[in-house]
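*Asks:* So here's final-v4.csv, just CSV, C-alpha atoms:
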chain,number,residue,atom,x,y,z
A,254,THR,CA,15.3,29.4,25.2
A,255,ASP,CA,12.4,27.7,23.4
A,256,ARG,CA,14.0,28.3,20.0
A,257,ASP,CA,17.0,26.2,20.9
A,258,THR,CA,14.9,23.2,22.0
A,259,THR,CA,15.2,20.2,19.6
A,260,ILE,CA,12.2,17.9,19.3
A,261,PRO,CA,13.2,14.5,18.0
A,262,ILE,CA,10.9,12.9,15.5
A,263,THR,CA,11.7,9.3,15.2
A,264,GLY,CA,10.5,6.7,12.7
A,265,VAL,CA,10.5,9.0,9.6
A,266,SER,CA,13.4,10.0,7.4
A,267,PRO,CA,14.2,13.8,7.3
A,268,HIS,CA,13.4,14.1,3.6
A,269,ILE,CA,10.0,12.5,4.0
A,270,PHE,CA,9.2,14.7,7.0
A,271,LEU,CA,10.2,17.8,5.0
A,272,CYS,CA,7.8,16.7,2.2
A,273,LEU,CA,5.0,16.5,4.8
A,274,LEU,CA,5.9,20.0,5.9
A,275,ARG,CA,6.0,21.3,2.3
A,276,TYR,CA,2.6,19.9,1.7
A,277,ALA,CA,1.2,21.4,4.9
A,278,TYR,CA,2.5,24.8,4.1
A,279,GLY,CA,2.3,24.8,0.3
A,280,ASP,CA,0.1,22.0,-0.7
A,281,ASN,CA,2.6,20.3,-3.0
A,282,ILE,CA,5.0,17.4,-3.0
A,283,PRO,CA,8.2,17.7,-5.1
A,284,GLU,CA,7.6,15.6,-8.3
A,285,GLU,CA,11.1,14.1,-8.0
A,286,LEU,CA,10.0,12.3,-4.8
A,287,TRP,CA,7.8,9.9,-6.8
A,288,THR,CA,10.7,8.8,-9.0
A,289,MET,CA,13.2,8.6,-6.1
A,290,ASN,CA,13.9,5.2,-4.7
A,291,SER,CA,15.4,4.7,-1.3
A,292,SER,CA,17.5,1.8,-0.1
A,293,ARG,CA,15.5,-1.3,0.7
A,294,THR,CA,13.8,-0.7,4.0
A,295,SER,CA,10.9,-1.9,6.0
A,296,VAL,CA,8.0,0.6,6.2
A,297,GLY,CA,5.1,-0.4,8.3
A,298,GLY,CA,6.1,-4.0,8.0
A,299,VAL,CA,6.4,-3.8,4.2
A,300,SER,CA,9.8,-4.3,2.6
A,301,CYS,CA,10.2,-1.7,-0.1
A,302,THR,CA,12.4,0.8,-1.9
A,303,SER,CA,9.7,3.3,-2.6
A,304,SER,CA,9.6,6.8,-1.3
A,305,ALA,CA,5.9,6.7,-1.9
A,306,MET,CA,5.5,4.0,0.6
A,307,GLU,CA,7.6,5.9,3.2
A,308,LEU,CA,5.5,9.0,2.6
A,309,LEU,CA,2.2,7.0,2.9
A,310,ASP,CA,3.3,5.6,6.2
A,311,ALA,CA,4.4,9.0,7.5
A,312,ALA,CA,1.2,10.7,6.3
A,313,ASN,CA,-0.9,8.0,7.9
A,314,ARG,CA,1.1,8.4,11.2
A,315,PHE,CA,0.8,12.2,11.3
A,316,GLY,CA,-2.8,12.4,9.9
A,317,VAL,CA,-2.0,14.3,6.7
A,318,VAL,CA,-5.0,12.9,4.7
A,319,GLY,CA,-4.2,14.7,1.4
A,320,VAL,CA,-0.7,13.3,1.3
A,321,LYS,CA,-2.0,9.9,2.4
A,322,LEU,CA,-4.3,9.7,-0.5
A,323,LEU,CA,-1.7,10.9,-3.0
A,324,ALA,CA,1.0,8.6,-1.7
A,325,GLU,CA,-1.5,5.7,-1.7
A,326,SER,CA,-2.2,6.2,-5.4
A,327,LYS,CA,1.5,6.2,-6.1
A,328,VAL,CA,2.1,3.0,-4.1
A,329,VAL,CA,-0.7,1.4,-6.1
A,330,GLN,CA,1.0,2.3,-9.4
A,331,SER,CA,4.5,0.9,-8.5
A,332,ASP,CA,4.9,-1.2,-5.4
A,333,ILE,CA,2.5,-4.1,-5.7
A,334,ALA,CA,4.4,-7.3,-6.6
A,335,VAL,CA,4.3,-11.0,-5.6
A,336,ASP,CA,6.8,-10.5,-2.8
A,337,THR,CA,5.1,-7.4,-1.4
A,338,ALA,CA,1.4,-8.2,-1.9
A,339,SER,CA,0.9,-10.0,1.5
A,340,ASP,CA,2.5,-7.3,3.5
A,341,LEU,CA,0.8,-4.5,1.6
A,342,LEU,CA,-2.6,-6.2,2.1
A,343,LEU,CA,-2.0,-6.3,5.9
A,344,TYR,CA,-0.7,-2.7,5.9
A,345,ALA,CA,-3.7,-1.5,3.9
A,346,ASP,CA,-6.1,-3.3,6.1
A,347,SER,CA,-4.7,-2.0,9.4
A,348,ASN,CA,-4.2,1.6,8.2
A,349,ASP,CA,-7.5,2.1,6.4
A,350,CYS,CA,-6.0,2.4,2.9
A,351,ALA,CA,-9.0,1.5,0.9
A,352,LEU,CA,-7.6,2.1,-2.6
A,353,LEU,CA,-4.4,0.1,-1.8
A,354,LYS,CA,-6.4,-2.7,-0.3
A,355,GLU,CA,-8.7,-2.9,-3.3
A,356,LYS,CA,-5.7,-3.0,-5.8
A,357,VAL,CA,-3.8,-5.6,-3.7
A,358,VAL,CA,-6.8,-7.8,-3.6
A,359,ASP,CA,-7.2,-7.5,-7.4
A,360,PHE,CA,-3.5,-8.4,-7.7
A,361,PHE,CA,-4.0,-11.4,-5.4
A,362,LEU,CA,-6.8,-12.7,-7.7
A,363,LEU,CA,-4.4,-12.6,-10.6
A,364,HIS,CA,-1.3,-14.0,-8.8
A,365,ALA,CA,-2.7,-16.1,-5.9
A,366,GLU,CA,-0.7,-19.2,-6.7
A,367,GLN,CA,2.6,-17.4,-6.6
A,368,ILE,CA,1.7,-15.2,-3.6
A,369,ARG,CA,0.6,-18.2,-1.5
A,370,LYS,CA,4.2,-19.6,-1.9
A,371,THR,CA,5.8,-16.6,-0.4
A,372,PRO,CA,6.8,-16.7,3.3
A,373,GLU,CA,4.9,-13.4,3.8
A,374,PHE,CA,1.6,-15.1,3.0
A,375,GLN,CA,1.8,-17.0,6.4
A,376,LYS,CA,0.9,-13.7,8.1
A,377,VAL,CA,-2.2,-13.3,5.9
A,378,LYS,CA,-3.2,-16.8,6.8
A,379,GLU,CA,-3.4,-15.7,10.5
A,380,SER,CA,-6.2,-13.3,9.7
A,381,ASN,CA,-9.5,-15.0,9.2
A,382,THR,CA,-11.1,-11.6,8.2
A,383,ILE,CA,-8.6,-11.0,5.4
A,384,LEU,CA,-8.8,-14.6,4.2
A,385,ASP,CA,-12.6,-14.2,4.1
A,386,GLU,CA,-12.3,-11.0,2.1
A,387,LEU,CA,-10.0,-12.7,-0.4
A,388,MET,CA,-12.4,-15.7,-0.7
A,389,GLU,CA,-15.3,-13.3,-1.3
A,390,ALA,CA,-13.3,-11.4,-3.9
A,391,LEU,CA,-12.5,-14.7,-5.6
A,392,LEU,CA,-16.1,-15.9,-5.6
A,393,SER,CA,-17.4,-12.6,-6.9
A,394,LYS,CA,-14.9,-12.6,-9.7
A,395,ARG,CA,-16.1,-16.1,-10.7
A,396,VAL,CA,-19.7,-15.0,-10.6
A,397,TYR,CA,-18.9,-11.9,-12.7
A,398,ARG,CA,-17.1,-14.1,-15.2
A,399,MET,CA,-20.0,-16.5,-15.4
A,400,PHE,CA,-22.4,-13.7,-16.2
A,401,SER,CA,-20.1,-11.8,-18.6
A,402,LEU,CA,-19.4,-14.7,-21.0
A,403,GLY,CA,-20.4,-13.8,-24.5
A,404,GLU,CA,-21.5,-16.2,-27.2
A,405,ASN,CA,-18.0,-16.5,-28.5
A,406,ASP,CA,-16.6,-17.3,-25.1
A,407,VAL,CA,-18.2,-20.8,-24.7
Represent the supplied structure as structure tokens.
*Replies:*
Amino acid sequence: TDRDTTIPITGVSPHIFLCLLRYAYGDNIPEELWTMNSSRTSVGGVSCTSSAMELLDAANRFGVVGVKLLAESKVVQSDIAVDTASDLLLYADSNDCALLKEKVVDFFLLHAEQIRKTPEFQKVKESNTILDELMEALLSKRVYRMFSLGENDV
């Protein structure tokens, strides 16, 4: 019978998929998910221990926009670091995560020297578009700083 048919869903852990279902049917995500860390895993090419990153990837994959935006805001709060910045930037760019991309670019501007030394940065260097966006952000930051100097800053 149809009720006995199992449909395999690969590429997403059961607890993350259940969260997507809970959101779809009740519009909420259990609060403990945001504080729960998983074992180190690769999610969309990003090495992380965050359930928020797993949920972002699943929400993006299954087109659950509300969860995607919520998870993206949680990833921004906790997952950006020198060793994840390059992969997060590439992920955000390829998955239309505007908030995540903006925050990772801001993080790049503050930690560019350290990030450039990571092996993951080699993948960023392969994208002329992303390098151009980083350069543009760097230049606009310098212009902003030039015009925002006060009389005591000189």
*Asks:* Please report the interatomic distance between atom CA of A:Thr382 and atom CA of A:Leu352 in Å with one decimal.
*Replies:* 17.8 Å
*Asks:* Using only C-alpha atoms, which of A:Asp349, A:Glu366, A:Glu307, A:Asp255 sits nearest A:Cys272?
*Replies:*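 Of A:Asp349, A:Glu366, A:Glu307, A:Asp255, the one nearest A:Cys272, counting only C-alpha atoms, is A:Glu307.
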*Asks:* Could you tell me how far atom CA of A:Ala277 lies from atom CA of A:Ala345, in Å and to one decimal?
*Replies:*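 The value is 23.4 Å.
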*Asks:* Could you state the separation of atom CA of A:Leu274 and atom CA of A:Tyr344 in Å, given to one decimal place?
*Replies:*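 We find that atom CA of A:Leu274 and atom CA of A:Tyr344 lie 23.6 Å from each other.
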*Asks:* Got a sec: who's within 12 Å of A:Ile262, counting all atoms listed in the file, leaving out chain neighbours fewer than 3 positions off, as a VMD selection string?
*Replies:* chain A and resid 259 265 to 267 269 to 271 311 314 to 315
*Asks:* Pick out the residues sitting within 12 Å of A:Leu309, and hand them over as an MDAnalysis selection string; count all atoms listed in the file, and ignore anything fewer than 5 positions along from it in its own chain.
*Replies:* chainID A and resid 265 269:270 272:273 287 296:297 299 303:304 314:329 332 341 344:345 348:350 353
*Asks:* Got a sec: who's within 12 Å of A:Met388, counting only C-alpha atoms, leaving out chain neighbours fewer than 2 positions off, as a ChimeraX atom specification?
*Replies:* /A:358-359,361-362,365,378,381-386,390-395
*Asks:* From the options A:Asp257, A:His268, A:Ser339, A:Ser380, which residue's atoms come nearest to A:Ile282, counting all atoms listed in the file?
*Replies:* A:His268
*Asks:* Set the distance at 9 Å and use all atoms listed in the file: which residues neighbour A:Glu373 once local chain neighbours fewer than 6 positions away are removed? I'd like the list as a list in words.
*Replies:* Asp336, Thr337, Ala338, Ser339 and Asp340 of chain A
*Asks:* Using all atoms listed in the file, which of A:Ala351, A:Leu308, A:Leu342, A:Glu379 sits nearest A:Tyr276?
*Replies:*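 Residue with the minimum atom-to-atom distance to A:Tyr276: A:Leu308.
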*Asks:* Between A:Lys356, A:Asp346, A:Thr258, A:Ala312, which one has atoms that come closest to A:Ile333, using only C-alpha atoms?
*Replies:*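 Once distances to A:Ile333 are computed over only C-alpha atoms, the minimum belongs to A:Lys356.
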*Asks:* Can you take stretch 350-365 of chain A from the block and write all heavy atoms as a short mmCIF file (atom, residue, chain, number, x, y, z; two decimals), in the first residue's frame?
*Replies:*
data_model
loop_
_atom_site.label_atom_id
_atom_site.label_comp_id
_atom_site.auth_asym_id
_atom_site.auth_seq_id
_atom_site.Cartn_x
_atom_site.Cartn_y
_atom_site.Cartn_z
N CYS A 350 22.31 34.02 -0.23
CA CYS A 350 22.16 34.36 1.19
C CYS A 350 22.76 35.75 1.40
O CYS A 350 23.92 35.90 1.79
CB CYS A 350 22.87 33.32 2.06
SG CYS A 350 22.21 31.66 1.92
N ALA A 351 21.96 36.76 1.11
CA ALA A 351 22.44 38.14 1.10
C ALA A 351 22.97 38.60 2.46
O ALA A 351 24.03 39.24 2.54
CB ALA A 351 21.34 39.08 0.62
N LEU A 352 22.24 38.32 3.53
CA LEU A 352 22.68 38.74 4.87
C LEU A 352 24.00 38.07 5.23
O LEU A 352 24.93 38.73 5.69
CB LEU A 352 21.62 38.40 5.92
CG LEU A 352 22.02 38.65 7.37
CD1 LEU A 352 22.22 40.14 7.63
CD2 LEU A 352 20.99 38.08 8.33
N LEU A 353 24.08 36.77 5.01
CA LEU A 353 25.31 36.05 5.31
C LEU A 353 26.48 36.59 4.49
O LEU A 353 27.56 36.84 5.03
CB LEU A 353 25.12 34.55 5.05
CG LEU A 353 26.33 33.65 5.30
CD1 LEU A 353 26.81 33.77 6.75
CD2 LEU A 353 25.97 32.20 4.97
N LYS A 354 26.26 36.84 3.23
CA LYS A 354 27.33 37.35 2.38
C LYS A 354 27.80 38.72 2.86
O LYS A 354 29.00 38.97 2.95
CB LYS A 354 26.84 37.44 0.93
CG LYS A 354 27.94 37.80 -0.04
CD LYS A 354 27.44 37.71 -1.47
CE LYS A 354 28.53 38.07 -2.44
NZ LYS A 354 28.07 37.97 -3.84
N GLU A 355 26.86 39.58 3.20
CA GLU A 355 27.22 40.92 3.68
C GLU A 355 28.07 40.83 4.95
O GLU A 355 29.08 41.51 5.09
CB GLU A 355 25.96 41.72 3.95
CG GLU A 355 26.22 43.10 4.51
CD GLU A 355 24.93 43.84 4.88
OE1 GLU A 355 23.86 43.51 4.33
OE2 GLU A 355 25.01 44.74 5.72
N LYS A 356 27.66 39.98 5.89
CA LYS A 356 28.38 39.87 7.16
C LYS A 356 29.75 39.22 6.98
O LYS A 356 30.70 39.59 7.66
CB LYS A 356 27.55 39.10 8.19
CG LYS A 356 26.28 39.80 8.58
CD LYS A 356 26.54 41.17 9.17
CE LYS A 356 25.25 41.85 9.58
NZ LYS A 356 25.46 43.18 10.10
N VAL A 357 29.85 38.25 6.08
CA VAL A 357 31.14 37.62 5.83
C VAL A 357 32.08 38.61 5.15
O VAL A 357 33.27 38.68 5.49
CB VAL A 357 30.99 36.33 4.99
CG1 VAL A 357 32.35 35.78 4.59
CG2 VAL A 357 30.22 35.27 5.76
N VAL A 358 31.58 39.41 4.23
CA VAL A 358 32.42 40.44 3.60
C VAL A 358 32.91 41.43 4.66
O VAL A 358 34.09 41.79 4.68
CB VAL A 358 31.66 41.16 2.45
CG1 VAL A 358 32.39 42.43 2.02
CG2 VAL A 358 31.48 40.22 1.27
N ASP A 359 32.02 41.84 5.56
CA ASP A 359 32.44 42.73 6.66
C ASP A 359 33.54 42.09 7.50
O ASP A 359 34.51 42.73 7.90
CB ASP A 359 31.25 43.09 7.56
CG ASP A 359 30.26 44.01 6.88
OD1 ASP A 359 30.58 44.58 5.82
OD2 ASP A 359 29.13 44.13 7.42
N PHE A 360 33.38 40.79 7.78
CA PHE A 360 34.38 40.05 8.55
C PHE A 360 35.70 39.98 7.79
O PHE A 360 36.77 40.13 8.37
CB PHE A 360 33.85 38.64 8.86
CG PHE A 360 34.71 37.86 9.82
CD1 PHE A 360 34.57 38.02 11.18
CD2 PHE A 360 35.66 36.97 9.34
CE1 PHE A 360 35.36 37.30 12.06
CE2 PHE A 360 36.46 36.24 10.21
CZ PHE A 360 36.31 36.41 11.57
N PHE A 361 35.62 39.77 6.48
CA PHE A 361 36.81 39.76 5.63
C PHE A 361 37.57 41.07 5.77
O PHE A 361 38.80 41.07 5.85
CB PHE A 361 36.42 39.57 4.16
CG PHE A 361 36.75 38.22 3.61
CD1 PHE A 361 35.82 37.20 3.66
CD2 PHE A 361 37.97 37.97 3.01
CE1 PHE A 361 36.10 35.96 3.13
CE2 PHE A 361 38.26 36.73 2.48
CZ PHE A 361 37.32 35.72 2.54
N LEU A 362 36.86 42.17 5.76
CA LEU A 362 37.51 43.47 5.83
C LEU A 362 38.30 43.63 7.13
O LEU A 362 39.35 44.27 7.14
CB LEU A 362 36.48 44.59 5.69
CG LEU A 362 35.75 44.65 4.35
CD1 LEU A 362 34.74 45.79 4.36
CD2 LEU A 362 36.72 44.78 3.19
N LEU A 363 37.81 43.04 8.19
CA LEU A 363 38.49 43.14 9.48
C LEU A 363 39.63 42.13 9.65
O LEU A 363 40.56 42.36 10.41
CB LEU A 363 37.48 42.94 10.62
CG LEU A 363 36.40 44.00 10.74
CD1 LEU A 363 35.37 43.58 11.78
CD2 LEU A 363 37.01 45.34 11.10
N HIS A 364 39.53 40.99 8.95
CA HIS A 364 40.48 39.90 9.17
C HIS A 364 41.12 39.39 7.87
O HIS A 364 41.51 38.22 7.79
CB HIS A 364 39.76 38.73 9.86
CG HIS A 364 39.10 39.11 11.13
ND1 HIS A 364 39.79 39.25 12.32
CD2 HIS A 364 37.80 39.41 11.41
CE1 HIS A 364 38.95 39.61 13.27
NE2 HIS A 364 37.74 39.72 12.75
N ALA A 365 41.25 40.25 6.89
CA ALA A 365 41.73 39.84 5.57
C ALA A 365 43.09 39.17 5.61
O ALA A 365 43.31 38.15 4.95
CB ALA A 365 41.76 41.05 4.63
#
